[in-house]
file entry18.txt (compact mmCIF, C-alpha atoms)
# COMPACT_ATOMS: atom_id res chain seq x y z
CA MET B 246 -20.32 58.88 -45.21
CA THR B 247 -22.24 60.99 -42.68
CA LEU B 248 -22.86 59.44 -39.27
CA ASN B 249 -25.68 60.50 -36.95
CA ILE B 250 -24.91 59.90 -33.28
CA LEU B 251 -27.32 60.05 -30.33
CA ASP B 252 -25.76 60.59 -26.90
CA VAL B 253 -27.88 59.59 -23.90
CA ALA B 254 -25.04 59.43 -21.37
CA GLY B 255 -23.24 62.78 -21.50
CA ASN B 256 -20.53 60.85 -23.31
CA LEU B 257 -19.75 63.58 -25.82
CA GLN B 258 -18.08 65.53 -23.03
CA LEU B 259 -15.46 62.77 -23.09
CA THR B 260 -15.42 61.76 -26.73
CA GLN B 261 -16.28 64.78 -28.89
CA GLY B 262 -12.58 65.45 -29.41
CA MET B 263 -12.08 61.84 -30.52
CA LEU B 264 -14.87 62.19 -33.08
CA ASP B 265 -13.47 65.48 -34.38
CA ASN B 266 -10.01 63.97 -34.73
CA PHE B 267 -11.34 61.01 -36.68
CA VAL B 268 -13.25 63.20 -39.17
CA LYS B 269 -10.19 65.39 -39.64
CA GLU B 270 -7.80 62.48 -40.16
CA HIS B 271 -10.10 60.14 -42.14
CA PRO B 272 -12.23 62.26 -44.52
CA ASP B 273 -12.17 59.31 -46.94
CA ILE B 274 -14.28 57.34 -44.43
CA VAL B 275 -16.46 59.93 -42.69
CA SER B 276 -17.12 63.40 -44.09
CA ARG B 277 -19.29 64.59 -41.22
CA ILE B 278 -20.64 63.48 -37.83
CA THR B 279 -23.83 65.00 -36.49
CA THR B 280 -24.71 64.63 -32.81
CA SER B 281 -27.83 64.98 -30.71
CA THR B 282 -28.57 64.31 -27.07
CA GLY B 283 -31.42 62.65 -25.24
CA LYS B 284 -32.38 60.90 -22.01
CA ALA B 285 -31.47 57.28 -21.41
CA PRO B 286 -35.00 56.16 -20.39
CA ASP B 287 -36.37 57.49 -23.71
CA MET B 288 -33.76 55.91 -25.97
CA ALA B 289 -35.15 52.39 -26.30
CA GLY B 290 -38.65 53.61 -27.20
CA LYS B 291 -37.28 56.06 -29.75
CA LEU B 292 -35.14 53.43 -31.47
CA LYS B 293 -37.92 50.83 -31.52
CA ALA B 294 -40.37 53.30 -33.06
CA GLN B 295 -37.93 54.18 -35.83
CA GLN B 296 -37.06 50.53 -36.46
CA ASP B 297 -40.71 49.49 -36.59
CA ALA B 298 -41.45 52.30 -39.04
CA GLY B 299 -38.43 51.41 -41.21
CA ARG B 300 -37.13 54.96 -40.88
CA LEU B 301 -33.99 54.68 -38.77
CA ASP B 302 -32.06 57.96 -38.66
CA ILE B 303 -29.70 57.09 -35.77
CA ASP B 304 -26.50 55.29 -36.72
CA LEU B 305 -24.76 55.08 -33.35
CA VAL B 306 -25.82 55.55 -29.73
CA LEU B 307 -23.51 56.54 -26.88
CA THR B 308 -24.97 55.13 -23.68
CA GLY B 309 -24.28 54.16 -20.11
CA THR B 310 -25.19 50.85 -18.52
CA ASP B 311 -28.80 52.03 -18.10
CA GLY B 312 -29.54 52.48 -21.81
CA LEU B 313 -27.39 49.48 -22.64
CA SER B 314 -29.51 47.30 -20.35
CA ALA B 315 -32.78 48.55 -21.79
CA GLY B 316 -31.67 48.10 -25.39
CA ILE B 317 -30.30 44.61 -24.87
CA SER B 318 -33.48 43.52 -23.10
CA GLN B 319 -35.54 44.69 -26.11
CA ASN B 320 -33.15 43.27 -28.74
CA LEU B 321 -32.53 46.66 -30.37
CA PHE B 322 -28.79 46.50 -31.07
CA THR B 323 -26.51 44.90 -33.66
CA ARG B 324 -24.12 42.29 -32.27
CA MET B 325 -20.58 43.68 -32.46
CA THR B 326 -18.46 40.93 -30.93
CA PRO B 327 -17.35 38.35 -31.77
CA ASP B 328 -18.84 39.12 -35.20
CA PHE B 329 -16.44 42.00 -35.91
CA ASP B 330 -13.50 41.13 -33.64
CA SER B 331 -11.02 41.53 -36.51
CA ARG B 332 -12.16 45.13 -37.02
CA LEU B 333 -12.12 45.91 -33.28
CA SER B 334 -8.76 44.45 -32.27
CA ASN B 335 -8.00 47.39 -29.93
CA MET B 336 -10.61 45.98 -27.55
CA LYS B 337 -7.90 43.47 -26.58
CA ASN B 338 -6.09 46.35 -24.84
CA TYR B 339 -8.80 47.02 -22.24
CA THR B 340 -7.65 47.34 -18.63
CA ASP B 341 -8.82 44.55 -16.32
CA PRO B 342 -11.73 46.58 -14.83
CA ALA B 343 -12.73 47.69 -18.32
CA MET B 344 -12.63 44.09 -19.56
CA LYS B 345 -15.06 43.11 -16.82
CA MET B 346 -17.38 45.97 -17.71
CA GLN B 347 -17.22 45.00 -21.39
CA GLU B 348 -18.73 41.66 -20.45
CA LEU B 349 -21.93 43.51 -19.49
CA ALA B 350 -22.38 44.49 -23.13
CA GLN B 351 -22.95 40.81 -24.01
CA GLY B 352 -21.39 41.46 -27.40
CA TYR B 353 -23.81 44.26 -28.31
CA GLY B 354 -21.73 47.30 -27.36
CA VAL B 355 -18.16 48.57 -27.47
CA GLU B 356 -16.89 50.12 -24.26
CA LEU B 357 -15.39 53.57 -24.83
CA VAL B 358 -14.62 54.87 -21.33
CA GLN B 359 -14.51 53.44 -17.80
CA TYR B 360 -14.00 54.66 -14.25
CA PRO B 361 -14.15 53.26 -10.71
CA SER B 362 -17.14 55.52 -10.00
CA GLY B 363 -18.35 55.21 -6.39
CA PRO B 364 -20.29 55.18 -4.17
CA LEU B 365 -18.81 58.29 -2.58
CA LEU B 366 -20.45 60.88 -0.37
CA ALA B 367 -19.73 64.55 -1.13
CA TYR B 368 -20.40 66.99 1.70
CA ASN B 369 -20.07 70.58 2.85
CA PRO B 370 -17.53 70.45 5.73
CA ALA B 371 -18.91 73.65 7.24
CA LYS B 372 -22.25 71.87 7.76
CA VAL B 373 -20.93 68.32 8.24
CA PRO B 374 -17.81 68.63 10.39
CA ASN B 375 -17.89 64.92 11.30
CA PRO B 376 -18.96 63.04 8.17
CA PRO B 377 -20.43 59.54 8.53
CA THR B 378 -18.01 56.65 8.14
CA THR B 379 -20.52 53.77 8.33
CA ALA B 380 -23.96 53.10 6.88
CA GLU B 381 -25.41 53.34 10.39
CA GLU B 382 -23.84 56.76 10.90
CA LEU B 383 -25.22 57.98 7.56
CA LEU B 384 -28.72 56.88 8.57
CA ALA B 385 -28.35 58.55 11.97
CA TRP B 386 -27.10 61.76 10.35
CA ALA B 387 -29.98 61.82 7.86
CA LYS B 388 -32.47 61.25 10.67
CA ALA B 389 -30.97 64.11 12.69
CA ASN B 390 -30.85 66.36 9.60
CA PRO B 391 -33.99 65.55 7.58
CA GLY B 392 -33.92 66.62 3.95
CA ARG B 393 -30.22 67.49 4.00
CA PHE B 394 -28.94 64.30 2.34
CA GLN B 395 -29.93 63.59 -1.24
CA TYR B 396 -29.38 61.31 -4.20
CA ALA B 397 -30.97 61.13 -7.63
CA VAL B 398 -33.16 58.42 -9.19
CA PRO B 399 -30.74 55.52 -9.86
CA LYS B 400 -31.83 54.78 -13.43
CA ASN B 401 -31.00 58.39 -14.37
CA SER B 402 -27.91 58.96 -12.23
CA GLY B 403 -24.41 57.49 -12.01
CA PRO B 404 -24.04 58.37 -8.30
CA GLY B 405 -27.55 57.11 -7.57
CA ARG B 406 -26.83 53.91 -9.43
CA THR B 407 -23.51 53.23 -7.72
CA LEU B 408 -25.02 53.99 -4.31
CA LEU B 409 -27.77 51.45 -5.04
CA MET B 410 -25.32 48.79 -6.24
CA GLY B 411 -22.65 49.59 -3.65
CA LEU B 412 -24.81 49.30 -0.54
CA PRO B 413 -25.06 45.47 -0.71
CA TYR B 414 -21.27 45.30 -0.21
CA ILE B 415 -21.28 47.92 2.55
CA LEU B 416 -24.19 46.29 4.40
CA GLY B 417 -22.97 42.71 3.93
CA ASP B 418 -25.92 41.41 1.93
CA VAL B 419 -25.87 37.73 1.00
CA ASP B 420 -25.58 38.24 -2.78
CA PRO B 421 -24.62 41.73 -4.07
CA LYS B 422 -25.34 40.58 -7.64
CA SER B 423 -28.96 39.59 -6.98
CA PRO B 424 -31.32 42.50 -6.24
CA THR B 425 -34.30 40.15 -5.95
CA THR B 426 -33.02 37.50 -3.56
CA GLY B 427 -29.79 38.89 -2.16
CA TRP B 428 -30.46 42.50 -1.13
CA ASP B 429 -32.71 42.19 1.94
CA LYS B 430 -30.53 44.53 4.01
CA THR B 431 -30.17 47.05 1.18
CA TRP B 432 -33.89 47.39 0.46
CA ALA B 433 -34.71 47.69 4.16
CA TYR B 434 -31.98 50.30 4.61
CA LEU B 435 -33.12 52.38 1.63
CA LYS B 436 -36.71 52.34 2.82
CA GLU B 437 -35.68 53.65 6.22
CA LEU B 438 -33.23 56.17 4.75
CA GLY B 439 -35.96 57.39 2.42
CA GLN B 440 -37.91 58.77 5.36
CA TYR B 441 -35.20 61.37 5.90
CA THR B 442 -33.65 62.13 2.48
CA GLY B 443 -34.44 65.14 0.36
CA PRO B 444 -36.55 64.61 -2.78
CA TYR B 445 -35.17 62.11 -5.30
CA GLU B 446 -33.98 64.39 -8.08
CA ALA B 447 -34.44 63.39 -11.72
CA GLY B 448 -30.70 63.62 -12.40
CA THR B 449 -27.34 64.14 -10.73
CA THR B 450 -26.89 67.71 -11.96
CA ASN B 451 -29.79 68.81 -9.77
CA THR B 452 -28.28 67.27 -6.64
CA MET B 453 -24.94 68.99 -7.30
CA THR B 454 -26.70 72.30 -7.86
CA ASN B 455 -28.52 71.83 -4.56
CA LEU B 456 -25.24 71.06 -2.79
CA GLY B 457 -23.68 74.16 -4.30
CA LYS B 458 -26.61 76.36 -3.29
CA GLY B 459 -26.68 74.92 0.22
CA THR B 460 -30.20 73.49 0.06
CA VAL B 461 -28.63 70.12 0.96
CA ASP B 462 -25.41 69.38 2.82
CA MET B 463 -24.47 65.92 1.53
CA VAL B 464 -25.12 63.99 -1.69
CA ALA B 465 -24.21 60.69 -3.33
CA SER B 466 -21.25 61.17 -5.66
CA THR B 467 -18.56 59.50 -7.77
CA THR B 468 -15.01 60.46 -8.69
CA GLY B 469 -16.17 62.27 -11.82
CA TRP B 470 -19.15 63.94 -10.17
CA ASP B 471 -16.84 65.08 -7.41
CA ILE B 472 -14.17 66.61 -9.65
CA ASN B 473 -16.08 68.03 -12.62
CA PRO B 474 -18.69 70.13 -10.73
CA ARG B 475 -15.84 71.76 -8.80
CA VAL B 476 -14.05 72.49 -12.08
CA LEU B 477 -17.25 74.07 -13.41
CA GLY B 478 -17.93 75.98 -10.20
CA THR B 479 -21.29 74.30 -9.60
CA VAL B 480 -19.95 73.00 -6.30
CA PRO B 481 -17.40 74.94 -4.21
CA ASN B 482 -13.87 73.60 -4.11
CA THR B 483 -14.16 73.33 -0.32
CA THR B 484 -16.44 70.30 -0.74
CA LYS B 485 -15.01 67.06 0.69
CA ILE B 486 -15.65 63.38 0.01
CA THR B 487 -15.84 60.30 2.20
CA THR B 488 -16.59 56.59 1.94
CA LEU B 489 -18.40 54.17 4.24
CA LYS B 490 -16.94 51.14 6.01
CA GLY B 491 -17.09 48.07 3.77
CA PHE B 492 -16.75 50.24 0.67
CA HIS B 493 -16.25 48.54 -2.70
CA TRP B 494 -15.96 50.50 -5.93
CA VAL B 495 -18.82 49.81 -8.32
CA THR B 496 -17.24 50.53 -11.67
CA ASP B 497 -19.11 52.31 -14.43
CA ALA B 498 -18.61 52.54 -18.16
CA GLN B 499 -20.09 54.02 -21.30
CA TYR B 500 -20.54 52.25 -24.60
CA ALA B 501 -21.17 52.70 -28.28
CA VAL B 502 -24.05 50.62 -29.65
CA VAL B 503 -25.31 50.28 -33.21
CA PRO B 504 -29.08 50.03 -33.71
CA LYS B 505 -30.34 47.15 -35.81
CA GLY B 506 -31.09 48.37 -39.32
CA VAL B 507 -27.94 50.43 -39.92
CA ASN B 508 -26.69 49.61 -43.42
CA SER B 509 -23.42 47.80 -44.09
CA ASP B 510 -21.57 50.86 -45.46
CA LYS B 511 -22.30 52.89 -42.36
CA LEU B 512 -21.48 49.94 -40.13
CA SER B 513 -18.08 49.63 -41.81
CA ALA B 514 -17.38 53.33 -41.14
CA ILE B 515 -18.52 52.93 -37.52
CA LEU B 516 -16.15 50.00 -36.98
CA SER B 517 -13.25 52.12 -38.23
CA LEU B 518 -14.29 54.96 -35.95
CA LEU B 519 -14.54 52.76 -32.85
CA GLN B 520 -11.22 51.08 -33.53
CA ASP B 521 -9.61 54.52 -33.73
CA MET B 522 -11.30 55.73 -30.54
CA LEU B 523 -9.66 52.87 -28.63
CA THR B 524 -6.10 53.93 -29.46
CA PRO B 525 -4.11 55.34 -26.50
CA GLN B 526 -3.76 58.75 -28.16
CA GLN B 527 -7.52 59.12 -28.58
CA GLN B 528 -8.29 57.62 -25.17
CA ALA B 529 -6.18 60.28 -23.43
CA ILE B 530 -8.88 62.79 -24.37
CA ALA B 531 -11.22 60.94 -21.96
CA PHE B 532 -9.44 62.47 -18.97
CA ASP B 533 -11.48 65.56 -19.90
CA LYS B 534 -11.89 67.77 -16.82
CA GLY B 535 -12.46 64.89 -14.45
CA TYR B 536 -16.01 64.13 -15.61
CA PHE B 537 -15.38 60.35 -15.70
CA TYR B 538 -12.13 60.27 -13.78
CA PRO B 539 -9.82 58.73 -14.78
CA GLY B 540 -11.76 57.79 -17.97
CA PRO B 541 -9.51 55.81 -20.35
CA ALA B 542 -10.56 52.19 -20.87
CA VAL B 543 -7.35 50.86 -22.47
CA LYS B 544 -3.90 50.22 -21.10
CA GLY B 545 -0.96 52.57 -21.47
CA VAL B 546 -2.81 55.88 -21.19
CA THR B 547 -1.38 58.40 -18.73
CA LEU B 548 -2.40 61.89 -17.72
CA ASP B 549 0.63 63.46 -19.39
CA MET B 550 -0.80 62.28 -22.74
CA ALA B 551 -4.01 64.27 -22.16
CA PRO B 552 -4.68 67.78 -23.47
CA GLN B 553 -3.09 70.47 -21.31
CA ALA B 554 -6.50 71.73 -20.16
CA SER B 555 -7.23 68.28 -18.73
CA GLN B 556 -3.87 68.12 -17.00
CA ASP B 557 -4.40 71.56 -15.46
CA ALA B 558 -7.95 70.82 -14.27
CA ILE B 559 -7.01 67.54 -12.60
CA ALA B 560 -3.88 69.04 -11.05
CA ARG B 561 -6.04 71.69 -9.39
CA PHE B 562 -9.25 69.80 -8.61
CA GLY B 563 -8.20 66.16 -8.37
CA ARG B 564 -7.77 64.56 -4.97
CA PRO B 565 -4.53 62.90 -3.83
CA GLU B 566 -6.53 60.32 -1.86
CA TYR B 567 -8.04 58.87 -5.03
CA ASP B 568 -4.86 56.98 -5.91
CA ALA B 569 -4.96 55.11 -2.59
CA LEU B 570 -8.73 54.58 -2.71
CA ILE B 571 -8.48 53.07 -6.19
CA ALA B 572 -5.46 50.93 -5.32
CA ASN B 573 -6.66 49.67 -1.94
CA ASN B 574 -10.35 48.88 -2.40
CA PRO B 575 -12.02 46.12 -4.43
CA GLN B 576 -13.54 47.04 -7.79
CA GLU B 577 -16.81 45.33 -8.65
CA SER B 578 -18.48 45.47 -12.05
CA SER B 579 -21.98 46.90 -12.29
CA LEU B 580 -24.96 44.56 -12.34
CA PRO B 581 -25.62 42.68 -15.60
CA ALA B 582 -28.20 44.24 -17.90
CA GLU B 583 -31.18 42.17 -16.81
CA GLN B 584 -30.41 42.65 -13.12
CA GLN B 585 -30.05 46.40 -13.56
CA VAL B 586 -33.50 46.61 -15.11
CA ILE B 587 -34.89 44.63 -12.17
CA ALA B 588 -33.07 46.74 -9.57
CA PHE B 589 -34.21 50.04 -11.10
CA SER B 590 -37.80 48.85 -11.34
CA LYS B 591 -37.81 47.62 -7.75
CA TRP B 592 -36.31 50.92 -6.55
CA ASP B 593 -38.94 52.89 -8.49
CA LEU B 594 -41.81 50.86 -7.04
CA GLU B 595 -40.65 50.38 -3.46
CA ILE B 596 -38.39 53.36 -2.72
CA GLY B 597 -39.17 56.16 -5.16
CA ALA B 598 -42.94 55.66 -5.09
CA ALA B 599 -42.96 55.57 -1.29
CA LYS B 600 -41.33 59.00 -1.21
CA LYS B 601 -43.99 60.46 -3.47

call {"tool": "encode", "arguments": {"input": "entry18.txt", "output": "structure tokens"}}
result
Amino acid sequence: MTLNILDVAGNLQLTQGMLDNFVKEHPDIVSRITTSTGKAPDMAGKLKAQQDAGRLDIDLVLTGTDGLSAGISQNLFTRMTPDFDSRLSNMKNYTDPAMKMQELAQGYGVELVQYPSGPLLAYNPAKVPNPPTTAEELLAWAKANPGRFQYAVPKNSGPGRTLLMGLPYILGDVDPKSPTTGWDKTWAYLKELGQYTGPYEAGTTNTMTNLGKGTVDMVASTTGWDINPRVLGTVPNTTKITTLKGFHWVTDAQYAVVPKGVNSDKLSAILSLLQDMLTPQQQAIAFDKGYFYPGPAVKGVTLDMAPQASQDAIARFGRPEYDALIANNPQESSLPAEQQVIAFSKWDLEIGAAKK
């Protein structure tokens, strides 16, 4: 069997080694895996067009919560659980935060990786010697330094998304899970902050490049987007991170979803692949070079099980304070699929459009 995989989340950076291992160890199931990449906002339209035409050439999609939300809302995916629970028994080994994030899939996806995410602020200490510690201080800093703070469009950006979903906790909104009726303080804050931010970039990579070049001094970040750009040299290793008073982690995850229309033989191979990817040995590959730090979604996976390159990168570029931040702050799951779609749309119309 040959499997064709579309990645719209940058997930292959974490899982390519898992896929390679499976092909090598199970040639009787999968002879070859081909991969392609795309953008999350385009995925749903692409799948629907192929399904409507009866010419589906994508067997598996690797997606974040953004693409997951869009696909569920348009009924594009095959239900995986509880229909195939017996073939996906390793899902029982999810960590508690991962188990909560799996609930967002509503049975249509299989969580592959998970991390506490953010919202964090990454800054250049030479330009920001006294970083903000409250939402009010961030707003005051942005006002005093127009254009020097930046975040990317939330529907295309993990840091942008966690900033959007983390502010209701920081600001004390009445219902952090309801962007329509419970985020009055958040929407008002973002509108005011938008008067002083730099342009809303299309993706996180652009904001990190800007931070590295010095065109901005502070950006929204996450654990992975803090560590990995420093490993790659996009951002200098002198960059620091901070959190705001009232901080809650907004956890993030990435999933495998099967488009409706995939035949039963391929689905059987996919189930074997996903079960294998959720073993501790395969999950250790998700430490990568800090891209989704920590990364593993199942219990019993430690850094010393990861490839040596991952251990070396995290030893050099990881931050000692992350252990305490993860242990001592609440972890909240991301918004459910329908609420994410609503939040992104409202941000686009009321915040992003106002900037333009």

call {"tool": "closest_residue", "arguments": {"input": "entry18.txt", "among": "B:Thr452, B:Thr431, B:Ser579, B:Gln347", "to": "Val495 in chain B", "atoms": "only C-alpha atoms"}}
result
B:Ser579

call {"tool": "closest_residue", "arguments": {"input": "entry18.txt", "among": "B:Thr454, B:Ser314, B:Gln258, B:Asn473", "to": "Thr280 in chain B", "atoms": "all atoms listed in the file"}}
result
B:Gln258

call {"tool": "atom_distance", "arguments": {"input": "entry18.txt", "atom1": "CA of Trp432 in chain B", "atom2": "CA of Ala447 in chain B"}}
result
20.1 Å

call {"tool": "closest_residue", "arguments": {"input": "entry18.txt", "among": "B:Val306, B:Leu409, B:Leu264, B:Met463", "to": "Asn369 in chain B", "atoms": "only C-alpha atoms"}}
result
B:Met463

call {"tool": "closest_residue", "arguments": {"input": "entry18.txt", "among": "B:Met522, B:Val268, B:Met336, B:Leu580", "to": "Pro424 in chain B", "atoms": "only C-alpha atoms"}}
result
B:Leu580

call {"tool": "closest_residue", "arguments": {"input": "entry18.txt", "among": "B:Leu523, B:Val275, B:Ala397, B:Ile250", "to": "Glu356 in chain B", "atoms": "all atoms listed in the file"}}
result
B:Leu523

call {"tool": "atom_distance", "arguments": {"input": "entry18.txt", "atom1": "CA of Gly411 in chain B", "atom2": "CA of His493 in chain B"}}
result
6.6 Å

call {"tool": "residues_around", "arguments": {"input": "entry18.txt", "residues": "Gly563 in chain B", "least_positions_apart": "4", "cutoff": "10 Å", "atoms": "only C-alpha atoms", "output": "list in words"}}
result
Thr468, Gly469, Asp471, Ile472, Asn473, Arg475, Val476, Lys534, Gly535, Tyr538, Pro539, Gln556, Asp557, Ala558, Ile559 and Tyr567 of chain B

call {"tool": "closest_residue", "arguments": {"input": "entry18.txt", "among": "B:Leu301, B:Leu594, B:Ala542, B:Ile274", "to": "Ile530 in chain B", "atoms": "only C-alpha atoms"}}
result
B:Ala542

call {"tool": "atom_distance", "arguments": {"input": "entry18.txt", "atom1": "CA of Lys591 in chain B", "atom2": "CA of Thr425 in chain B"}}
result
8.4 Å

call {"tool": "residues_around", "arguments": {"input": "entry18.txt", "residues": "Leu357 in chain B", "least_positions_apart": "2", "cutoff": "8 Å", "atoms": "all atoms listed in the file", "output": "PyMOL selection string"}}
result
chain B and resi 355+359+498-501+522-523+541-542

call {"tool": "write_last_selection", "arguments": {"input": "entry18.txt", "atoms": "C-alpha atoms", "output": "PDB file, in the frame of the given file"}}
result
ATOM      1  CA  VAL B 355     -18.160  48.570 -27.470  1.00  0.00           C
ATOM      2  CA  GLN B 359     -14.510  53.440 -17.800  1.00  0.00           C
ATOM      3  CA  ALA B 498     -18.610  52.540 -18.160  1.00  0.00           C
ATOM      4  CA  GLN B 499     -20.090  54.020 -21.300  1.00  0.00           C
ATOM      5  CA  TYR B 500     -20.540  52.250 -24.600  1.00  0.00           C
ATOM      6  CA  ALA B 501     -21.170  52.700 -28.280  1.00  0.00           C
ATOM      7  CA  MET B 522     -11.300  55.730 -30.540  1.00  0.00           C
ATOM      8  CA  LEU B 523      -9.660  52.870 -28.630  1.00  0.00           C
ATOM      9  CA  PRO B 541      -9.510  55.810 -20.350  1.00  0.00           C
ATOM     10  CA  ALA B 542     -10.560  52.190 -20.870  1.00  0.00           C
TER      11      ALA B 542
END

call {"tool": "closest_atom_pairs", "arguments": {"input": "entry18.txt", "of": "range 406-510 of chain B", "to": "range 391-396 of chain B", "cutoff": "12 Å", "atoms": "only C-alpha atoms", "output": "CSV"}}
result
residue,atom,partner,partner_atom,distance
B:Arg406,CA,B:Tyr396,CA,9.4
B:Thr407,CA,B:Tyr396,CA,10.6
B:Leu408,CA,B:Tyr396,CA,8.5
B:Leu409,CA,B:Tyr396,CA,10.0
B:Leu435,CA,B:Tyr396,CA,11.3
B:Leu438,CA,B:Phe394,CA,9.5
B:Gly439,CA,B:Gln395,CA,9.4
B:Gln440,CA,B:Pro391,CA,8.1
B:Tyr441,CA,B:Pro391,CA,4.7
B:Thr442,CA,B:Gly392,CA,4.7
B:Gly443,CA,B:Gly392,CA,3.9
B:Pro444,CA,B:Gln395,CA,6.9
B:Tyr445,CA,B:Tyr396,CA,5.9
B:Glu446,CA,B:Tyr396,CA,6.8
B:Ala447,CA,B:Tyr396,CA,9.3
B:Gly448,CA,B:Tyr396,CA,8.6
B:Thr449,CA,B:Tyr396,CA,7.4
B:Thr450,CA,B:Tyr396,CA,10.4
B:Asn451,CA,B:Tyr396,CA,9.4
B:Thr452,CA,B:Tyr396,CA,6.5
B:Met453,CA,B:Tyr396,CA,9.4
B:Thr454,CA,B:Gln395,CA,11.4
B:Asn455,CA,B:Gln395,CA,9.0
B:Leu456,CA,B:Gln395,CA,9.0
B:Gly459,CA,B:Arg393,CA,9.1
B:Thr460,CA,B:Arg393,CA,7.2
B:Val461,CA,B:Arg393,CA,4.3
B:Asp462,CA,B:Arg393,CA,5.3
B:Met463,CA,B:Phe394,CA,4.8
B:Val464,CA,B:Gln395,CA,4.8
B:Ala465,CA,B:Tyr396,CA,5.3
B:Ser466,CA,B:Tyr396,CA,8.3
B:Thr467,CA,B:Tyr396,CA,11.5

call {"tool": "residues_around", "arguments": {"input": "entry18.txt", "residues": "Phe537 in chain B", "least_positions_apart": "5", "cutoff": "8 Å", "atoms": "all atoms listed in the file", "output": "PyMOL selection string"}}
result
chain B and resi 259+358-360+362+468-470+531-532

call {"tool": "closest_atom_pairs", "arguments": {"input": "entry18.txt", "of": "range 370-446 of chain B", "to": "range 281-296 of chain B", "cutoff": "12 Å", "atoms": "all atoms listed in the file", "output": "JSON lines"}}
result
{"residue": "B:Val398", "atom": "CA", "partner": "B:Pro286", "partner_atom": "CA", "distance": 11.6}
{"residue": "B:Pro399", "atom": "CA", "partner": "B:Pro286", "partner_atom": "CA", "distance": 11.4}
{"residue": "B:Lys400", "atom": "CA", "partner": "B:Pro286", "partner_atom": "CA", "distance": 7.8}
{"residue": "B:Asn401", "atom": "CA", "partner": "B:Ala285", "partner_atom": "CA", "distance": 7.1}
{"residue": "B:Ser402", "atom": "CA", "partner": "B:Ala285", "partner_atom": "CA", "distance": 10.0}
{"residue": "B:Gly403", "atom": "CA", "partner": "B:Ala285", "partner_atom": "CA", "distance": 11.8}

call {"tool": "residues_near_point", "arguments": {"input": "entry18.txt", "point": "(-6.1, 49.9, -21.9)", "cutoff": "8 Å", "atoms": "all atoms listed in the file", "output": "short mmCIF file (atom, residue, chain, number, x, y, z; two decimals) with C-alpha atoms, in the frame of the given file"}}
result
data_model
loop_
_atom_site.label_atom_id
_atom_site.label_comp_id
_atom_site.auth_asym_id
_atom_site.auth_seq_id
_atom_site.Cartn_x
_atom_site.Cartn_y
_atom_site.Cartn_z
CA ASN B 338 -6.09 46.35 -24.84
CA TYR B 339 -8.80 47.02 -22.24
CA THR B 340 -7.65 47.34 -18.63
CA ALA B 343 -12.73 47.69 -18.32
CA PRO B 525 -4.11 55.34 -26.50
CA PRO B 541 -9.51 55.81 -20.35
CA ALA B 542 -10.56 52.19 -20.87
CA VAL B 543 -7.35 50.86 -22.47
CA LYS B 544 -3.90 50.22 -21.10
CA GLY B 545 -0.96 52.57 -21.47
CA VAL B 546 -2.81 55.88 -21.19
#

call {"tool": "residues_around", "arguments": {"input": "entry18.txt", "residues": "range 254-257 of chain B", "least_positions_apart": "5", "cutoff": "7 Å", "atoms": "only C-alpha atoms", "output": "count of residues only"}}
result
4

call {"tool": "residues_around", "arguments": {"input": "entry18.txt", "residues": "range 324-335 of chain B", "least_positions_apart": "2", "cutoff": "10 Å", "atoms": "only C-alpha atoms", "output": "ChimeraX atom specification"}}
result
/B:317,320-322,337-339,350-355,501-505,512-513,516-525,543

call {"tool": "axis_aligned_box", "arguments": {"input": "entry18.txt", "around": "range 346-358 of chain B", "padding_each_side": "3 Å", "output": "JSON"}}
result
{"center_x": -19.2, "center_y": 47.8, "center_z": -23.0, "size_x": 15.2, "size_y": 20.1, "size_z": 16.6}
